[in-house]
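With CSV, C-alpha atoms and all ligand atoms inside, this is coords_19.csv:
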```
chain,number,residue,atom,x,y,z
Q,1,MET,CA,-138.2,76.8,-42.7
Q,2,VAL,CA,-139.6,75.9,-46.1
Q,3,ASP,CA,-143.4,76.6,-46.3
Q,4,LYS,CA,-145.5,73.5,-46.9
Q,5,VAL,CA,-148.3,73.6,-49.5
Q,6,PHE,CA,-150.9,70.9,-49.9
Q,7,ILE,CA,-152.3,70.5,-53.5
Q,8,THR,CA,-155.2,68.3,-54.3
Q,9,GLY,CA,-155.4,66.7,-57.8
Q,10,ALA,CA,-151.7,67.2,-58.3
Q,11,SER,CA,-151.6,65.0,-61.5
Q,12,GLY,CA,-154.0,67.2,-63.4
Q,13,PHE,CA,-153.1,69.4,-66.4
Q,14,ILE,CA,-153.3,72.7,-64.5
Q,15,ALA,CA,-152.1,71.3,-61.2
Q,16,GLN,CA,-148.8,69.9,-62.6
Q,17,HIS,CA,-147.9,73.5,-63.7
Q,18,ILE,CA,-148.9,74.7,-60.2
Q,19,VAL,CA,-146.8,72.1,-58.4
Q,20,LYS,CA,-143.8,72.8,-60.7
Q,21,LEU,CA,-144.1,76.6,-60.1
Q,22,PHE,CA,-144.5,76.3,-56.3
Q,23,ILE,CA,-141.4,74.0,-56.1
Q,24,SER,CA,-139.3,76.4,-58.2
Q,25,ASN,CA,-140.4,79.2,-55.9
Q,26,GLY,CA,-139.0,77.4,-52.8
Q,27,TYR,CA,-142.1,75.6,-51.4
Q,28,TYR,CA,-142.4,72.0,-50.2
Q,29,VAL,CA,-145.4,70.5,-52.0
Q,30,ILE,CA,-147.6,67.6,-50.8
Q,31,GLY,CA,-149.8,66.6,-53.7
Q,32,THR,CA,-152.8,64.2,-53.7
Q,33,VAL,CA,-153.1,61.7,-56.6
Q,34,ARG,CA,-155.5,58.9,-57.3
Q,35,SER,CA,-152.9,56.2,-57.6
Q,36,ALA,CA,-149.2,55.4,-56.8
Q,37,ASP,CA,-148.6,55.2,-60.5
Q,38,LYS,CA,-149.6,58.8,-61.1
Q,39,GLY,CA,-147.6,59.9,-58.0
Q,40,GLU,CA,-144.5,58.1,-59.1
Q,41,LYS,CA,-144.7,59.6,-62.6
Q,42,LEU,CA,-145.1,63.1,-61.2
Q,43,LYS,CA,-142.2,62.6,-58.8
Q,44,ALA,CA,-140.0,61.4,-61.6
Q,45,ASN,CA,-140.9,64.4,-63.8
Q,46,LEU,CA,-140.4,66.9,-61.0
Q,47,LYS,CA,-137.0,65.5,-59.9
Q,48,SER,CA,-137.3,67.4,-56.6
Q,49,ASN,CA,-136.8,66.5,-52.9
Q,50,ASN,CA,-139.4,69.1,-52.2
Q,51,PHE,CA,-142.3,67.0,-53.4
Q,52,LYS,CA,-144.2,64.0,-51.9
Q,53,TYR,CA,-147.5,62.6,-52.8
Q,54,GLU,CA,-150.4,61.1,-50.9
Q,55,ILE,CA,-152.9,58.8,-52.4
Q,56,VAL,CA,-156.6,59.9,-52.3
Q,57,PRO,CA,-158.4,57.5,-54.6
Q,58,ASP,CA,-161.8,59.2,-54.5
Q,59,ILE,CA,-162.4,62.7,-53.4
Q,60,THR,CA,-166.1,62.0,-52.9
Q,61,ALA,CA,-165.5,59.3,-50.1
Q,62,GLU,CA,-166.4,60.5,-46.6
Q,63,GLY,CA,-163.3,61.9,-44.9
Q,64,ALA,CA,-161.3,61.4,-48.2
Q,65,PHE,CA,-158.5,63.8,-47.2
Q,66,ASN,CA,-158.4,63.1,-43.4
Q,67,GLU,CA,-155.5,60.8,-43.4
Q,68,ALA,CA,-153.4,62.8,-45.9
Q,69,LEU,CA,-153.9,65.9,-43.8
Q,70,LYS,CA,-153.4,64.3,-40.4
Q,71,SER,CA,-150.1,62.7,-41.4
Q,72,ASN,CA,-148.5,65.9,-42.7
Q,73,PRO,CA,-148.3,68.4,-39.9
Q,74,ASN,CA,-147.6,72.1,-40.3
Q,75,ILE,CA,-149.1,72.7,-43.7
Q,76,LYS,CA,-149.3,76.4,-44.3
Q,77,TYR,CA,-151.3,76.7,-47.5
Q,78,LEU,CA,-153.8,74.5,-49.3
Q,79,LEU,CA,-154.9,74.5,-53.0
Q,80,HIS,CA,-157.9,72.5,-54.0
Q,81,THR,CA,-157.7,71.8,-57.8
Q,82,ALA,CA,-159.2,68.3,-57.9
Q,83,SER,CA,-162.5,68.2,-59.6
Q,84,PRO,CA,-163.7,66.3,-62.7
Q,85,PHE,CA,-163.6,68.2,-66.0
Q,86,THR,CA,-165.2,66.1,-68.8
Q,87,TYR,CA,-168.3,66.4,-71.0
Q,88,ASP,CA,-168.1,62.7,-71.8
Q,89,THR,CA,-170.6,61.3,-69.4
Q,90,THR,CA,-174.1,59.8,-69.4
Q,91,ASP,CA,-174.5,60.4,-65.7
Q,92,PRO,CA,-173.5,64.0,-65.1
Q,93,GLU,CA,-174.8,64.2,-61.5
Q,94,HIS,CA,-172.7,61.2,-60.5
Q,95,ASP,CA,-169.6,62.0,-62.6
Q,96,LEU,CA,-169.5,65.8,-62.3
Q,97,ILE,CA,-171.7,67.4,-59.7
Q,98,ILE,CA,-171.3,65.1,-56.7
Q,99,PRO,CA,-167.5,64.9,-56.9
Q,100,ALA,CA,-167.2,68.7,-57.2
Q,101,ILE,CA,-169.4,69.3,-54.2
Q,102,LYS,CA,-168.3,66.4,-52.0
Q,103,GLY,CA,-164.6,66.9,-52.9
Q,104,THR,CA,-164.8,70.6,-51.8
Q,105,GLU,CA,-166.8,69.8,-48.7
Q,106,ASN,CA,-164.4,67.1,-47.7
Q,107,ILE,CA,-161.3,69.2,-48.1
Q,108,LEU,CA,-162.7,72.1,-46.2
Q,109,ASN,CA,-163.9,69.9,-43.4
Q,110,SER,CA,-160.6,68.2,-43.1
Q,111,VAL,CA,-158.7,71.5,-42.9
Q,112,TYR,CA,-161.1,72.7,-40.3
Q,113,GLU,CA,-160.7,69.6,-38.2
Q,114,PHE,CA,-157.2,68.5,-38.7
Q,115,GLN,CA,-155.1,71.4,-39.9
Q,116,PRO,CA,-156.8,74.5,-38.4
Q,117,SER,CA,-153.6,76.5,-38.6
Q,118,ILE,CA,-153.6,76.5,-42.4
Q,119,GLU,CA,-153.5,80.2,-43.3
Q,120,LYS,CA,-154.8,80.3,-46.8
Q,121,VAL,CA,-157.0,78.1,-49.0
Q,122,VAL,CA,-157.2,78.6,-52.7
Q,123,ILE,CA,-160.1,77.0,-54.6
Q,124,THR,CA,-159.6,76.4,-58.3
Q,125,SER,CA,-163.1,77.4,-59.4
Q,126,SER,CA,-164.0,78.4,-63.0
Q,127,ASP,CA,-165.7,81.0,-65.1
Q,128,ALA,CA,-168.6,78.4,-65.0
Q,129,ALA,CA,-169.2,79.8,-61.5
Q,130,ILE,CA,-169.5,83.3,-63.0
Q,131,TYR,CA,-172.1,82.6,-65.7
Q,132,SER,CA,-174.2,79.8,-67.1
Q,133,ALA,CA,-173.2,78.1,-70.4
Q,134,ASP,CA,-176.2,79.8,-72.1
Q,135,ASP,CA,-175.5,83.2,-70.6
Q,136,GLU,CA,-171.9,83.1,-71.7
Q,137,GLN,CA,-173.2,82.9,-75.3
Q,138,ASN,CA,-175.5,85.9,-74.9
Q,139,SER,CA,-174.0,89.1,-76.3
Q,140,SER,CA,-176.5,91.3,-74.5
Q,141,LEU,CA,-175.1,90.2,-71.1
Q,142,SER,CA,-171.9,91.3,-69.3
Q,143,PHE,CA,-170.0,89.7,-66.4
Q,144,ASN,CA,-167.2,90.5,-64.0
Q,145,GLU,CA,-165.6,89.2,-60.7
Q,146,GLN,CA,-168.9,89.9,-58.8
Q,147,SER,CA,-171.1,87.8,-61.1
Q,148,TRP,CA,-172.5,84.4,-60.2
Q,149,ASN,CA,-173.9,81.5,-62.2
Q,150,ASP,CA,-177.2,81.1,-60.3
Q,151,ILE,CA,-178.3,77.9,-62.1
Q,152,SER,CA,-180.5,75.6,-59.9
Q,153,TYR,CA,-179.5,72.1,-59.1
Q,154,ARG,CA,-182.4,70.8,-61.1
Q,155,ASP,CA,-181.5,72.8,-64.2
Q,156,SER,CA,-177.9,71.7,-63.9
Q,157,LEU,CA,-178.9,68.1,-64.5
Q,158,LYS,CA,-180.1,68.9,-68.1
Q,159,ASN,CA,-176.8,67.8,-69.8
Q,160,ALA,CA,-173.1,67.4,-69.2
Q,161,VAL,CA,-172.3,71.0,-70.0
Q,162,SER,CA,-174.9,72.5,-67.6
Q,163,ALA,CA,-173.8,69.9,-65.0
Q,164,TYR,CA,-170.2,71.0,-65.2
Q,165,TYR,CA,-171.2,74.7,-65.0
Q,166,GLY,CA,-173.5,73.9,-62.1
Q,167,ALA,CA,-170.9,71.7,-60.3
Q,168,LYS,CA,-168.3,74.5,-60.3
Q,169,SER,CA,-170.8,77.1,-59.1
Q,170,PHE,CA,-172.2,74.9,-56.3
Q,171,ALA,CA,-168.6,74.0,-55.2
Q,172,GLU,CA,-167.4,77.6,-55.1
Q,173,LYS,CA,-170.6,78.9,-53.4
Q,174,LEU,CA,-170.3,76.3,-50.6
Q,175,SER,CA,-166.6,77.4,-50.1
Q,176,TRP,CA,-167.6,81.0,-49.4
Q,177,LYS,CA,-170.5,79.9,-47.3
Q,178,PHE,CA,-168.2,77.7,-45.3
Q,179,LEU,CA,-166.0,80.7,-44.6
Q,180,GLU,CA,-169.0,82.8,-43.5
Q,181,GLU,CA,-170.6,80.1,-41.3
Q,182,LYS,CA,-167.7,78.3,-39.7
Q,183,LYS,CA,-165.3,81.2,-39.5
Q,184,PRO,CA,-162.2,79.1,-39.9
Q,185,ASN,CA,-158.7,80.5,-39.4
Q,186,PHE,CA,-157.9,80.4,-43.1
Q,187,LYS,CA,-158.4,83.1,-45.7
Q,188,LEU,CA,-160.0,82.1,-48.9
Q,189,ILE,CA,-159.2,83.0,-52.5
Q,190,SER,CA,-160.8,81.5,-55.6
Q,191,VAL,CA,-159.2,81.3,-59.0
Q,192,ASN,CA,-161.8,81.4,-61.8
Q,193,PRO,CA,-160.3,80.5,-65.2
Q,194,VAL,CA,-162.0,80.4,-68.5
Q,195,TYR,CA,-160.9,77.7,-71.0
Q,196,VAL,CA,-157.3,76.9,-70.0
Q,197,PHE,CA,-154.9,76.0,-72.9
Q,198,GLY,CA,-151.2,75.7,-73.3
Q,199,PRO,CA,-148.4,73.1,-73.2
Q,200,GLN,CA,-148.2,70.3,-70.7
Q,201,ALA,CA,-146.0,70.8,-67.7
Q,202,PHE,CA,-143.7,68.0,-68.9
Q,203,LEU,CA,-142.7,66.8,-72.3
Q,204,ASN,CA,-142.6,63.1,-71.5
Q,205,GLU,CA,-145.2,61.3,-73.7
Q,206,VAL,CA,-147.1,61.5,-76.9
Q,207,LYS,CA,-150.7,61.6,-75.8
Q,208,PRO,CA,-153.3,60.5,-78.3
Q,209,THR,CA,-155.8,62.8,-76.6
Q,210,LEU,CA,-155.1,65.8,-74.4
Q,211,ASN,CA,-157.2,67.2,-71.6
Q,212,VAL,CA,-160.7,68.5,-72.5
Q,213,SER,CA,-159.7,72.1,-73.1
Q,214,ASN,CA,-156.5,71.5,-75.0
Q,215,GLU,CA,-158.1,68.9,-77.1
Q,216,LEU,CA,-160.0,71.7,-78.9
Q,217,ILE,CA,-156.6,72.8,-80.3
Q,218,HIS,CA,-155.0,69.4,-80.6
Q,219,ASN,CA,-158.0,68.0,-82.6
Q,220,LEU,CA,-157.3,70.5,-85.4
Q,221,ILE,CA,-154.1,68.7,-86.4
Q,222,LYS,CA,-155.8,65.3,-86.2
Q,223,ILE,CA,-158.5,66.0,-88.7
Q,224,GLY,CA,-158.2,66.0,-92.5
Q,225,PRO,CA,-158.5,69.0,-94.8
Q,226,ASN,CA,-162.1,68.3,-95.7
Q,227,ASP,CA,-163.3,67.3,-92.3
Q,228,SER,CA,-165.7,69.6,-90.5
Q,229,PHE,CA,-165.1,70.9,-86.9
Q,230,ASP,CA,-167.2,72.5,-84.2
Q,231,ASN,CA,-166.4,76.2,-84.2
Q,232,ASP,CA,-166.6,76.5,-80.4
Q,233,LYS,CA,-166.0,79.8,-78.8
Q,234,GLY,CA,-165.4,81.2,-75.4
Q,235,GLY,CA,-162.8,82.7,-73.2
Q,236,PHE,CA,-159.1,81.7,-73.3
Q,237,ILE,CA,-156.2,81.8,-70.8
Q,238,ASP,CA,-152.8,80.2,-70.7
Q,239,VAL,CA,-152.1,77.4,-68.1
Q,240,ARG,CA,-148.9,79.1,-67.2
Q,241,ASP,CA,-150.8,82.3,-66.2
Q,242,VAL,CA,-153.3,80.2,-64.3
Q,243,ALA,CA,-150.5,78.6,-62.3
Q,244,LYS,CA,-149.0,82.0,-61.6
Q,245,ALA,CA,-152.4,83.3,-60.4
Q,246,HIS,CA,-152.4,80.4,-57.8
Q,247,LEU,CA,-149.0,81.4,-56.6
Q,248,TYR,CA,-150.0,85.1,-56.4
Q,249,ALA,CA,-153.1,84.0,-54.5
Q,250,ILE,CA,-150.9,82.6,-51.8
Q,251,GLU,CA,-148.2,85.4,-51.8
Q,252,LYS,CA,-150.2,88.6,-52.3
Q,253,GLU,CA,-152.2,89.8,-49.4
Q,254,GLU,CA,-154.4,92.0,-51.7
Q,255,LEU,CA,-155.9,88.9,-53.3
Q,256,ILE,CA,-157.4,87.6,-50.0
Q,257,GLY,CA,-161.1,87.2,-50.3
Q,258,LYS,CA,-161.1,87.8,-54.0
Q,259,ARG,CA,-162.3,85.9,-57.0
Q,260,VAL,CA,-159.4,85.9,-59.5
Q,261,PHE,CA,-161.1,85.9,-62.9
Q,262,MET,CA,-158.5,84.6,-65.4
Q,263,THR,CA,-159.4,85.5,-69.0
Q,264,ASN,CA,-157.4,87.1,-71.7
Q,265,GLY,CA,-160.2,87.5,-74.2
Q,266,HIS,CA,-162.4,85.5,-76.5
Q,267,PHE,CA,-161.4,82.8,-79.0
Q,268,SER,CA,-163.2,80.8,-81.7
Q,269,VAL,CA,-161.8,77.5,-83.0
Q,270,GLN,CA,-161.5,79.2,-86.4
Q,271,MET,CA,-159.1,81.7,-84.8
Q,272,MET,CA,-157.0,78.8,-83.5
Q,273,LEU,CA,-157.1,77.2,-86.9
Q,274,ASP,CA,-155.9,80.4,-88.6
Q,275,ILE,CA,-152.9,80.6,-86.2
Q,276,ILE,CA,-152.0,76.9,-86.8
Q,277,ASN,CA,-152.2,77.4,-90.6
Q,278,GLU,CA,-150.0,80.5,-90.4
Q,279,LYS,CA,-147.4,79.1,-87.9
Q,280,PHE,CA,-147.1,75.6,-89.2
Q,281,PRO,CA,-146.9,75.8,-93.1
Q,282,GLN,CA,-145.9,72.2,-93.2
Q,283,LEU,CA,-149.6,71.3,-92.4
Q,284,LYS,CA,-150.8,73.0,-95.6
Q,285,SER,CA,-153.4,70.9,-97.3
Q,286,LYS,CA,-153.3,68.4,-94.4
Q,287,ILE,CA,-155.7,70.2,-92.1
Q,288,PRO,CA,-158.8,72.3,-92.8
Q,289,THR,CA,-158.7,76.0,-93.4
Q,290,GLY,CA,-162.3,76.7,-92.5
Q,291,THR,CA,-163.3,80.3,-93.1
Q,292,PRO,CA,-160.1,82.2,-92.5
Q,293,GLY,CA,-160.4,85.6,-90.8
Q,294,SER,CA,-164.0,85.0,-89.6
Q,295,GLY,CA,-162.9,84.7,-85.9
Q,296,PRO,CA,-163.7,88.3,-84.9
Q,297,THR,CA,-167.2,87.9,-86.2
Q,298,ASP,CA,-167.6,84.5,-84.5
Q,299,ILE,CA,-166.9,85.9,-81.1
Q,300,LYS,CA,-169.3,88.9,-81.4
Q,301,THR,CA,-172.1,86.7,-80.2
Q,302,LEU,CA,-170.4,86.1,-76.8
Q,303,ALA,CA,-171.3,88.0,-73.6
Q,304,THR,CA,-169.0,90.9,-72.5
Q,305,VAL,CA,-166.5,90.1,-69.8
Q,306,ASP,CA,-164.6,92.5,-67.7
Q,307,ASN,CA,-161.8,91.3,-65.4
Q,308,THR,CA,-160.1,94.7,-64.8
Q,309,GLN,CA,-160.1,94.1,-61.1
Q,310,THR,CA,-158.1,90.9,-61.6
Q,311,ARG,CA,-155.6,92.4,-64.0
Q,312,ASN,CA,-155.1,95.3,-61.6
Q,313,LEU,CA,-154.4,93.0,-58.8
Q,314,LEU,CA,-152.1,90.6,-60.6
Q,315,LYS,CA,-150.3,93.2,-62.6
Q,316,PHE,CA,-148.7,90.8,-65.1
Q,317,GLU,CA,-149.3,90.5,-68.8
Q,318,PHE,CA,-151.4,87.4,-69.9
Q,319,ILE,CA,-150.0,85.2,-72.7
Q,320,SER,CA,-151.6,85.8,-76.1
Q,321,LEU,CA,-153.8,83.3,-78.1
Q,322,ASP,CA,-151.1,83.3,-80.8
Q,323,LYS,CA,-148.4,82.1,-78.4
Q,324,ILE,CA,-150.8,79.7,-76.6
Q,325,VAL,CA,-151.8,77.9,-79.8
Q,326,THR,CA,-148.3,77.8,-81.2
Q,327,ASP,CA,-146.7,76.5,-78.0
Q,328,THR,CA,-149.4,73.8,-77.6
Q,329,ILE,CA,-149.0,72.5,-81.1
Q,330,GLN,CA,-145.2,72.8,-81.1
Q,331,GLN,CA,-145.0,70.7,-78.0
Q,332,VAL,CA,-147.0,67.9,-79.6
Q,333,TYR,CA,-144.5,67.9,-82.5
Q,334,ASP,CA,-141.5,68.1,-80.1
Q,335,ALA,CA,-142.8,65.2,-78.1
Q,336,LYS,CA,-143.3,63.1,-81.3
Q,337,ALA,CA,-139.7,64.0,-82.5
Q,338,LYS,CA,-138.1,63.3,-79.1
Q,339,LEU,CA,-139.9,60.3,-77.8
Q,401,LIG,P1,-157.7,67.6,-65.3
Q,401,LIG,O1,-158.7,66.6,-65.6
Q,401,LIG,O2,-156.4,67.4,-65.9
Q,401,LIG,O3,-157.5,67.6,-63.7
Q,401,LIG,C1,-158.5,67.3,-62.8
Q,401,LIG,C2,-157.8,66.8,-61.5
Q,401,LIG,O4,-158.9,66.3,-60.6
Q,401,LIG,C3,-157.0,65.5,-61.8
Q,401,LIG,O5,-155.9,65.5,-60.9
Q,401,LIG,C4,-157.9,64.4,-61.5
Q,401,LIG,O6,-157.2,63.2,-61.2
Q,401,LIG,C5,-158.7,64.9,-60.3
Q,401,LIG,N1,-160.0,64.3,-60.1
Q,401,LIG,C6,-161.1,64.4,-60.9
Q,401,LIG,N2,-162.1,63.7,-60.4
Q,401,LIG,C7,-161.6,63.1,-59.3
Q,401,LIG,C8,-162.2,62.2,-58.3
Q,401,LIG,N3,-163.5,61.8,-58.4
Q,401,LIG,N4,-161.4,61.8,-57.3
Q,401,LIG,C9,-160.1,62.2,-57.2
Q,401,LIG,N5,-159.5,63.1,-58.1
Q,401,LIG,C10,-160.3,63.5,-59.1
Q,401,LIG,O7,-158.3,69.0,-65.5
Q,401,LIG,P2,-157.8,70.4,-65.4
Q,401,LIG,O8,-156.4,70.4,-64.9
Q,401,LIG,O9,-158.1,71.1,-66.6
Q,401,LIG,O10,-158.7,71.0,-64.2
Q,401,LIG,C11,-158.2,71.3,-62.9
Q,401,LIG,C12,-159.2,72.2,-62.2
Q,401,LIG,O11,-159.4,73.4,-63.0
Q,401,LIG,C13,-160.6,71.6,-62.1
Q,401,LIG,O12,-161.1,72.0,-60.9
Q,401,LIG,C14,-161.4,72.3,-63.2
Q,401,LIG,O13,-162.7,72.3,-63.0
Q,401,LIG,C15,-160.7,73.6,-63.2
Q,401,LIG,N6,-160.8,74.4,-64.5
Q,401,LIG,C16,-160.3,73.9,-65.7
Q,401,LIG,C17,-160.4,74.6,-66.9
Q,401,LIG,C18,-159.8,74.1,-68.1
Q,401,LIG,O14,-160.1,74.7,-69.2
Q,401,LIG,N7,-159.0,73.1,-68.2
Q,401,LIG,C19,-161.2,75.9,-66.9
Q,401,LIG,C20,-161.7,76.3,-65.6
Q,401,LIG,C21,-161.5,75.6,-64.5
Q,401,LIG,P3,-156.5,62.3,-62.4
Q,401,LIG,O15,-155.3,63.1,-62.7
Q,401,LIG,O16,-156.3,61.0,-61.7
Q,401,LIG,O17,-157.5,62.2,-63.5
```

Output the file's structure as structure tokens, nothing else.
Ligand code: NDP
Amino acid sequence: MVDKVFITGASGFIAQHIVKLFISNGYYVIGTVRSADKGEKLKANLKSNNFKYEIVPDITAEGAFNEALKSNPNIKYLLHTASPFTYDTTDPEHDLIIPAIKGTENILNSVYEFQPSIEKVVITSSDAAIYSADDEQNSSLSFNEQSWNDISYRDSLKNAVSAYYGAKSFAEKLSWKFLEEKKPNFKLISVNPVYVFGPQAFLNEVKPTLNVSNELIHNLIKIGPNDSFDNDKGGFIDVRDVAKAHLYAIEKEELIGKRVFMTNGHFSVQMMLDIINEKFPQLKSKIPTGTPGSGPTDIKTLATVDNTQTRNLLKFEFISLDKIVTDTIQQVYDAKAKL
């Protein structure tokens, strides 16, 4: 019998890769989406009989997932990816913190009540649950899979960035606490990626704006040669590696109970710009050059991160920044040429 996997937030950037990967590995996927439109679009892209969608318009609503879980018996695994990722909000508590917390509470309660035989639950957490936004930028600090962002609820309300970091840490903490207190039948694994970049799962539209993380790269081909840009810096990982980590979380027993910290090193936007300028010579004089080669100095101010435990467990090579940036931009041009 084909194993059934339930994936929340199936229309998201990362989730579409996860859904695609699970289907190609022989699973039957039930994905939640906010609207029939999004579900139909995903179905058309997947072209698979091993996919169906359930509409869950708002993950914060009481019992949001109850019907979707009740009406799909014999689910074996569940992945919770749905959670808002935006910094564009004037009400971060309402738009970021509450949905992250309530969404996670709702899905865990529904599993407990209506699908107690689910064997594994994977929470898509974040590096934001490992360190605070400020600590990430402090070169005297170091972090690994055991580290926690201990920001208080009150401090998380400061701005959209602290709220996102708080939201992800509150949601992950409550998942581990749920496991400890309720002792459900399922095993828990969290996947904690840093900034996730890379191509969309499907080349089917020319989007004026990509998802929050990829827009850092995309924006660089939208601005003029004399425009300034924010030289943001942080950790990077490819979306295809993040999807693979979710598959491994289900398939590899040694990942049970672990926090899978997905990072392949540090980037600065300048480093991305250097890659684009090198790989896409047709953009010469059309986009900025910034200060070429300053990337290694830019990232010296970041905290040290060590994900040796994760790398030893996963045992696969992560995709390089060079390939991530090249594939992301190339896909934008391929989409424009094809569609
Ligand atoms: P997306 O915005 O593309 O995906 C988020 C998903 O959650 C979408 O399916 C979205 O639905 C759904 N969602 C958000 N808010 C609600 C809500 N209130 N009710 C119902 N559904 C909701 O972002 P990503 O794919 O990048 O993020 C997926 C997960 O990965 C999130 O948990 C995020 O925190 C985490 N993550 C992302 C990183 C990144 O750099 N991208 C880094 C680390 C963690 P819809 O498609 O309708 O908008």

| What separation in Å, quoted to one decimal, exists between CA of Ile329 (chain Q) and CA of Phe202 (chain Q)? | 14.0 Å

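If all atoms listed in the file are the atoms counted, then among Q:Thr81, Q:Gln16, Q:Ser285, Q:Asn45 the closest residue to ligand LIG 401 (chain Q) is Q:Thr81.
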
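Residues lying within 9 Å of (-160.2, 79.9, -38.9). Counted over all atoms listed in the file, they are Tyr112, Pro116, Ser117, Ile118, Glu119, Leu179, Lys182, Lys183, Pro184, Asn185, Phe186 and Lys187 of chain Q.
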
| field | Contacts of Gln200 (chain Q) at 12 Å (all atoms listed in the file; same-chain gap of 4+ positions) as a PyMOL selection string | value | chain Q and resi 11-18+20+45+196+204-207+210-211+213-215+238-240+324+327-332+334-335

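Remark: for Gln137 (chain Q), the closest of the candidate residues Q:Lys338, Q:Glu105, Q:Lys323, Q:Gly234 is Q:Gly234 (distances computed over all atoms listed in the file).
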
| said: So that I can see what lies close to region 188-194 of chain Q, please list as a PyMOL selection string the residues with an atom at most 7 Å from it, counting only C-alpha atoms and leaving out residues fewer than 5 positions away in the same chain. | reply: chain Q and resi 120-127+235-237+246+249+255-263
